[in-house]
$ cat start11.cif   # mmCIF, C-alpha atoms
data_run
#
loop_
_atom_site.label_atom_id
_atom_site.label_comp_id
_atom_site.auth_asym_id
_atom_site.auth_seq_id
_atom_site.Cartn_x
_atom_site.Cartn_y
_atom_site.Cartn_z
CA MET H 1 -0.75 -9.21 -26.66
CA ILE H 2 0.96 -6.92 -24.19
CA LEU H 3 -2.30 -5.67 -22.66
CA ASP H 4 -3.10 -9.23 -21.62
CA LYS H 5 -0.12 -9.13 -19.25
CA PHE H 6 -1.87 -6.43 -17.23
CA LYS H 7 -4.96 -8.56 -16.65
CA LEU H 8 -5.57 -9.92 -13.15
CA ASP H 9 -8.40 -12.30 -13.96
CA GLY H 10 -8.64 -15.10 -11.42
CA LYS H 11 -6.25 -13.43 -8.96
CA ALA H 12 -7.02 -12.82 -5.29
CA ALA H 13 -5.63 -9.64 -3.75
CA ILE H 14 -5.40 -8.45 -0.16
CA VAL H 15 -5.45 -4.66 0.15
CA THR H 16 -4.96 -3.12 3.58
CA GLY H 17 -6.32 0.29 4.49
CA ALA H 18 -8.94 -0.33 1.82
CA ALA H 19 -11.90 1.48 3.36
CA ARG H 20 -11.08 4.84 1.80
CA GLY H 21 -8.40 7.00 0.18
CA LEU H 22 -5.42 5.44 -1.54
CA GLY H 23 -6.24 1.91 -0.41
CA GLN H 24 -9.76 2.05 -1.75
CA ALA H 25 -8.59 3.42 -5.10
CA MET H 26 -5.93 0.74 -5.47
CA ALA H 27 -8.41 -1.99 -4.52
CA LEU H 28 -10.77 -0.71 -7.20
CA GLY H 29 -7.94 -0.53 -9.73
CA LEU H 30 -7.03 -4.16 -9.11
CA ALA H 31 -10.69 -5.15 -9.36
CA GLU H 32 -11.06 -3.25 -12.64
CA ALA H 33 -8.17 -5.37 -13.93
CA GLY H 34 -10.00 -8.54 -12.89
CA ALA H 35 -8.91 -9.37 -9.33
CA ASP H 36 -11.09 -10.40 -6.42
CA ILE H 37 -10.40 -8.32 -3.31
CA ALA H 38 -10.00 -8.87 0.41
CA ALA H 39 -10.49 -5.35 1.77
CA VAL H 40 -8.77 -5.03 5.16
CA ASP H 41 -9.27 -2.11 7.52
CA VAL H 42 -10.18 -1.14 11.07
CA LEU H 43 -12.89 1.01 9.46
CA ASP H 44 -16.08 -0.15 7.75
CA THR H 45 -15.26 -1.50 4.28
CA ALA H 46 -18.87 -1.69 3.05
CA ASP H 47 -18.42 1.10 0.49
CA THR H 48 -15.35 -0.54 -1.02
CA GLU H 49 -17.10 -3.91 -1.09
CA ALA H 50 -20.09 -2.43 -2.91
CA GLN H 51 -17.94 -0.67 -5.50
CA VAL H 52 -15.86 -3.78 -6.20
CA GLU H 53 -18.98 -5.92 -6.56
CA LYS H 54 -20.42 -3.42 -9.05
CA LEU H 55 -17.39 -4.20 -11.18
CA GLY H 56 -18.42 -7.85 -11.19
CA ARG H 57 -15.67 -9.01 -8.83
CA ARG H 58 -15.90 -10.64 -5.42
CA CYS H 59 -14.96 -8.60 -2.38
CA ILE H 60 -14.77 -9.61 1.26
CA GLY H 61 -14.34 -7.14 4.09
CA ILE H 62 -12.00 -8.09 6.91
CA ASN H 63 -11.97 -5.97 10.05
CA ALA H 64 -8.47 -6.22 11.49
CA ASP H 65 -6.12 -4.12 13.61
CA LEU H 66 -2.75 -4.73 11.97
CA MET H 67 -0.95 -3.23 14.96
CA LYS H 68 -1.61 -6.62 16.54
CA LYS H 69 0.52 -9.48 15.23
CA GLU H 70 -2.29 -12.03 15.50
CA ALA H 71 -4.31 -10.04 12.95
CA ALA H 72 -2.01 -11.27 10.18
CA ASP H 73 -3.15 -14.87 10.55
CA VAL H 74 -6.79 -13.78 10.70
CA VAL H 75 -6.42 -11.91 7.39
CA VAL H 76 -4.68 -14.80 5.65
CA GLU H 77 -7.11 -17.44 6.89
CA ALA H 78 -10.19 -15.41 5.91
CA THR H 79 -8.81 -14.65 2.45
CA VAL H 80 -7.86 -18.24 1.70
CA LYS H 81 -11.17 -19.54 2.99
CA LYS H 82 -13.33 -17.11 1.00
CA LEU H 83 -11.23 -16.35 -2.09
CA GLY H 84 -9.35 -19.63 -2.43
CA GLY H 85 -5.80 -18.35 -2.09
CA ILE H 86 -3.61 -15.24 -2.21
CA ASP H 87 -1.85 -13.93 -5.32
CA ILE H 88 -1.34 -10.26 -4.45
CA LEU H 89 -0.69 -8.41 -1.20
CA PHE H 90 -0.94 -4.64 -1.09
CA ASN H 91 0.47 -3.34 2.21
CA ASN H 92 -1.14 0.09 2.17
CA ALA H 93 -2.48 0.70 5.69
CA GLY H 94 -0.62 3.45 7.52
CA ILE H 95 -0.95 6.40 9.86
CA ILE H 96 0.91 9.63 10.49
CA ARG H 97 1.39 11.77 13.59
CA ARG H 98 2.78 15.32 13.56
CA ALA H 99 4.70 17.15 16.28
CA PRO H 100 8.10 18.84 16.72
CA PHE H 101 11.00 16.45 17.28
CA THR H 102 11.52 17.58 20.89
CA ASP H 103 7.82 17.17 21.75
CA PHE H 104 7.14 13.86 19.98
CA THR H 105 5.57 11.31 22.33
CA GLU H 106 6.34 7.66 22.87
CA LYS H 107 2.77 6.74 21.90
CA ASP H 108 2.98 8.64 18.61
CA TRP H 109 6.28 6.91 17.87
CA ASP H 110 5.04 3.43 18.77
CA ASP H 111 1.62 3.68 17.07
CA VAL H 112 3.10 4.73 13.74
CA MET H 113 5.94 2.22 13.81
CA ASN H 114 3.64 -0.60 14.89
CA LEU H 115 1.32 -0.16 11.92
CA ASN H 116 3.55 1.26 9.21
CA ILE H 117 6.45 -1.19 9.45
CA ARG H 118 5.82 -3.86 12.11
CA GLY H 119 2.37 -4.58 10.71
CA VAL H 120 3.75 -4.68 7.16
CA PHE H 121 6.41 -7.19 8.16
CA PHE H 122 4.17 -9.62 10.01
CA LEU H 123 1.35 -9.57 7.46
CA SER H 124 3.88 -10.06 4.66
CA GLN H 125 5.45 -12.95 6.56
CA ALA H 126 2.08 -14.69 6.97
CA VAL H 127 1.12 -14.10 3.33
CA VAL H 128 4.49 -15.28 2.01
CA LYS H 129 4.14 -18.58 3.87
CA GLN H 130 0.81 -19.07 2.10
CA MET H 131 2.23 -18.07 -1.29
CA ILE H 132 5.14 -20.49 -0.92
CA ALA H 133 2.73 -23.30 0.00
CA GLN H 134 0.62 -22.51 -3.08
CA ARG H 135 3.71 -22.81 -5.33
CA ARG H 136 2.48 -20.27 -7.86
CA GLY H 137 4.44 -17.19 -6.83
CA GLY H 138 2.89 -13.84 -6.08
CA LYS H 139 3.19 -10.08 -6.00
CA ILE H 140 3.70 -7.90 -2.94
CA ILE H 141 3.40 -4.12 -3.17
CA ASN H 142 4.20 -1.87 -0.23
CA THR H 143 3.14 1.74 0.15
CA ALA H 144 6.24 3.84 0.75
CA SER H 145 6.36 7.66 0.66
CA MET H 146 8.28 10.71 -0.45
CA LEU H 147 9.69 10.45 3.08
CA SER H 148 11.30 7.16 2.12
CA PHE H 149 13.66 9.42 0.14
CA GLN H 150 13.59 12.62 2.19
CA GLY H 151 13.59 13.71 5.82
CA GLY H 152 10.58 15.95 6.05
CA ILE H 153 9.69 17.90 9.19
CA LEU H 154 7.47 17.23 12.21
CA VAL H 155 6.94 13.55 11.34
CA PRO H 156 9.86 11.56 12.86
CA SER H 157 8.09 8.21 13.25
CA TYR H 158 6.48 8.43 9.81
CA THR H 159 9.81 9.23 8.14
CA ALA H 160 11.51 6.40 10.01
CA SER H 161 8.77 3.92 9.19
CA LYS H 162 8.57 4.78 5.49
CA SER H 163 12.35 4.68 5.12
CA ALA H 164 12.13 1.22 6.69
CA VAL H 165 9.42 0.20 4.22
CA MET H 166 11.75 0.92 1.30
CA GLY H 167 14.54 -1.07 2.94
CA LEU H 168 12.26 -3.98 3.78
CA THR H 169 11.01 -3.99 0.17
CA ARG H 170 14.58 -4.56 -1.02
CA LEU H 171 15.21 -7.29 1.56
CA MET H 172 12.02 -9.09 0.59
CA ALA H 173 12.93 -8.91 -3.09
CA CYS H 174 16.31 -10.49 -2.38
CA GLU H 175 14.93 -13.32 -0.25
CA LEU H 176 11.67 -14.09 -2.02
CA ALA H 177 12.61 -13.96 -5.69
CA LYS H 178 13.58 -17.65 -5.57
CA HIS H 179 9.94 -18.38 -4.77
CA ASN H 180 8.76 -16.36 -7.80
CA ILE H 181 7.46 -13.65 -5.46
CA ASN H 182 8.10 -10.07 -6.58
CA THR H 183 8.21 -7.28 -4.01
CA ASN H 184 8.09 -3.62 -5.00
CA ALA H 185 6.76 -0.40 -3.50
CA ILE H 186 4.87 2.68 -4.56
CA ALA H 187 5.89 6.04 -3.11
CA PRO H 188 2.93 8.38 -3.54
CA GLY H 189 3.68 12.06 -3.78
CA TYR H 190 1.54 14.65 -2.04
CA MET H 191 -1.95 13.20 -2.31
CA ALA H 192 -5.27 14.78 -1.44
CA THR H 193 -6.30 12.39 1.35
CA ASP H 194 -7.18 12.58 5.03
CA ASN H 195 -3.49 12.21 5.92
CA THR H 196 -2.66 15.50 4.19
CA LYS H 197 -5.74 17.48 5.22
CA ALA H 198 -3.77 19.56 7.74
CA LEU H 199 -1.15 20.45 5.13
CA ARG H 200 -3.72 21.44 2.53
CA GLU H 201 -5.52 23.65 5.04
CA ASP H 202 -2.27 25.44 5.96
CA VAL H 203 -2.15 28.20 3.35
CA ALA H 204 1.63 28.72 3.48
CA ARG H 205 2.53 25.00 3.48
CA ASN H 206 -0.01 24.25 0.73
CA LYS H 207 1.49 26.95 -1.50
CA ALA H 208 5.06 25.80 -0.81
CA ILE H 209 4.17 22.23 -1.72
CA LEU H 210 2.30 23.14 -4.91
CA ASP H 211 5.10 25.48 -5.98
CA ARG H 212 7.53 22.55 -5.95
CA ILE H 213 5.34 20.01 -7.80
CA PRO H 214 5.96 20.34 -11.57
CA ALA H 215 2.47 18.95 -12.24
CA GLY H 216 1.09 21.91 -10.27
CA ARG H 217 -1.50 19.95 -8.33
CA TRP H 218 -1.99 17.50 -5.49
CA GLY H 219 -2.28 13.90 -6.59
CA THR H 220 -5.51 11.95 -6.33
CA PRO H 221 -6.00 8.33 -5.29
CA ASP H 222 -6.92 7.46 -8.89
CA ASP H 223 -3.42 8.53 -9.97
CA LEU H 224 -2.08 5.35 -8.35
CA LYS H 225 -4.33 2.82 -10.09
CA GLY H 226 -2.12 2.33 -13.13
CA VAL H 227 1.12 1.61 -11.29
CA ALA H 228 -0.76 -0.59 -8.79
CA VAL H 229 -2.09 -2.80 -11.58
CA PHE H 230 1.32 -2.87 -13.29
CA LEU H 231 3.15 -4.03 -10.16
CA ALA H 232 0.46 -6.62 -9.40
CA SER H 233 0.50 -8.06 -12.90
CA ALA H 234 2.69 -10.20 -15.13
CA ALA H 235 3.78 -7.01 -16.90
CA SER H 236 6.23 -6.39 -14.02
CA ASP H 237 7.59 -9.94 -13.69
CA TYR H 238 11.24 -8.82 -13.99
CA MET H 239 10.87 -5.89 -11.61
CA ASN H 240 11.92 -6.55 -8.03
CA GLY H 241 12.97 -4.48 -5.05
CA TYR H 242 12.17 -1.10 -6.59
CA THR H 243 10.26 1.84 -5.11
CA VAL H 244 8.32 3.75 -7.77
CA ALA H 245 7.60 7.40 -7.07
CA VAL H 246 4.23 8.66 -8.33
CA ASP H 247 4.72 12.26 -7.35
CA GLY H 248 3.91 14.70 -10.14
CA GLY H 249 7.65 15.31 -10.50
CA TRP H 250 8.33 16.27 -6.85
CA LEU H 251 11.60 14.35 -6.57
CA ALA H 252 12.80 15.63 -9.95
CA ARG H 253 12.66 19.28 -8.83
#

$ encode --input "start11.cif" --output "structure tokens"
Amino acid sequence: MILDKFKLDGKAAIVTGAARGLGQAMALGLAEAGADIAAVDVLDTADTEAQVEKLGRRCIGINADLMKKEAADVVVEATVKKLGGIDILFNNAGIIRRAPFTDFTEKDWDDVMNLNIRGVFFLSQAVVKQMIAQRRGGKIINTASMLSFQGGILVPSYTASKSAVMGLTRLMACELAKHNINTNAIAPGYMATDNTKALREDVARNKAILDRIPAGRWGTPDDLKGVAVFLASAASDYMNGYTVAVDGGWLAR
């Protein structure tokens, strides 16, 4: 039955940035489909752990700063030790900094690039080594952005990093397919999260954004659960290197 292909029973998934927002919702979506979760964040993951466990799945919290390369090995080792292996990696953790191009600081450039793309690369590298050793393939999903497709304003390092995420997703698909590892990305549209709080509180910008979204509303973290489960499951086994926009029709306008 086709619905069986969406089941994640017996799978172990790492989700970064899982303490709240999009990461928490996607962790819960994977758990609802049957996966056990390693919830990674610099913030307290207790709430995510409790919600996953209420679903009858195991969840371990891993406190890790993915701006530091050595954190990748810590995450992999803890997940393998406590969950028995790694089947799914969801590279969701990310930050954004806003300032005019001419005023943008070196720190705001480096911080965003270090987490949003450097951290994604080195955690993926560590996880892929484990997946190859396990010899059972795997699924990697990266969180891209509307700014993987567009330029945006006031967010140079975020735009650069998310454009790089889409490119890295394609590279990983090309190199890792021979190991039965699929790599795809989700590009969320304008979502009601902490990252967009400033935009939603700016009356003019909020109206301009909503006027362009055919769905007529900001997205919610729960809007990403379905595509997250699809890309993590056997239902997407012949999908590789693609970035899926979940944007209420933003890019179609």

$ residues_near_point --input "start11.cif" --point "(-4.4, -4.6, 20.4)" --cutoff "12 Å" --atoms "all atoms listed in the file" --output "ChimeraX atom specification"
/H:42,64-71,111,114-115,119

$ closest_residue --input "start11.cif" --among "H:Cys174, H:Met26, H:Met146, H:Ala35" --to "Asp9 in chain H" --atoms "all atoms listed in the file"
H:Ala35

$ closest_residue --input "start11.cif" --among "H:Asp87, H:Glu32, H:Asp110, H:Asp73" --to "Lys54 in chain H" --atoms "all atoms listed in the file"
H:Glu32

$ resolve_selection --input "start11.cif" --expression "the PyMOL selection byres ((chain H and resi 233-242) around 10)" --output "ChimeraX atom specification"
/H:2-9,11,30,33,87-88,138-141,166-174,176-177,180-186,227-232,243-245

$ atom_distance --input "start11.cif" --atom1 "CA of Leu123 in chain H" --atom2 "CA of Val76 in chain H"
8.2 Å

$ residues_around --input "start11.cif" --residues "Gly23 in chain H" --least-positions-apart "2" --cutoff "9 Å" --atoms "only C-alpha atoms" --output "list in words"
Val15, Thr16, Gly17, Ala18, Ala19, Arg20, Gly21, Ala25, Met26, Ala27, Leu28, Ala39, Phe90, Asn91, Asn92, Ala93 and Pro221 of chain H

$ resolve_selection --input "start11.cif" --expression "the PyMOL selection byres ((chain H and resi 97) around 7)" --output "short mmCIF file (atom, residue, chain, number, x, y, z; two decimals) with C-alpha atoms, in the coordinates of the input"
data_model
loop_
_atom_site.label_atom_id
_atom_site.label_comp_id
_atom_site.auth_asym_id
_atom_site.auth_seq_id
_atom_site.Cartn_x
_atom_site.Cartn_y
_atom_site.Cartn_z
CA ILE H 95 -0.95 6.40 9.86
CA ILE H 96 0.91 9.63 10.49
CA ARG H 98 2.78 15.32 13.56
CA ALA H 99 4.70 17.15 16.28
CA ASP H 108 2.98 8.64 18.61
CA VAL H 155 6.94 13.55 11.34
#

$ resolve_selection --input "start11.cif" --expression "the PyMOL selection byres ((chain H and resi 157) around 12)" --output "ChimeraX atom specification"
/H:94-101,104-117,147-148,151-156,158-164

$ closest_residue --input "start11.cif" --among "H:Ala12, H:Ala38, H:Leu43, H:Val246" --to "Met191 in chain H" --atoms "only C-alpha atoms"
H:Val246

$ atom_distance --input "start11.cif" --atom1 "CA of Leu251 in chain H" --atom2 "CA of Ser145 in chain H"
11.2 Å

$ atom_distance --input "start11.cif" --atom1 "CA of Glu77 in chain H" --atom2 "CA of Met131 in chain H"
12.4 Å

$ closest_residue --input "start11.cif" --among "H:Gly29, H:Gly226, H:Gly249, H:Gly34" --to "Leu210 in chain H" --atoms "all atoms listed in the file"
H:Gly249

$ closest_residue --input "start11.cif" --among "H:Val80, H:Leu22, H:Ser124, H:Asp194" --to "Ile37 in chain H" --atoms "only C-alpha atoms"
H:Val80

$ axis_aligned_box --input "start11.cif" --around "range 128-137 of chain H" --padding-each-side "5 Å" --output "AutoDock Vina command-line options"
--center_x 2.9 --center_y -19.3 --center_z -2.0 --size_x 14.5 --size_y 18.0 --size_z 21.7

$ closest_residue --input "start11.cif" --among "H:Asp47, H:Arg118, H:Phe149, H:Gly85" --to "Gln134 in chain H" --atoms "only C-alpha atoms"
H:Gly85

$ residues_around --input "start11.cif" --residues "Arg57 in chain H" --least-positions-apart "3" --cutoff "6 Å" --atoms "all atoms listed in the file" --output "PyMOL selection string"
chain H and resi 36+52-53

$ write_last_selection --input "start11.cif" --atoms "C-alpha atoms" --output "mmCIF file, in the frame of the given file"
data_model
loop_
_atom_site.group_PDB
_atom_site.id
_atom_site.type_symbol
_atom_site.label_atom_id
_atom_site.label_comp_id
_atom_site.auth_asym_id
_atom_site.auth_seq_id
_atom_site.Cartn_x
_atom_site.Cartn_y
_atom_site.Cartn_z
ATOM 1 C CA ASP H 36 -11.090 -10.400 -6.420
ATOM 2 C CA VAL H 52 -15.860 -3.780 -6.200
ATOM 3 C CA GLU H 53 -18.980 -5.920 -6.560
#
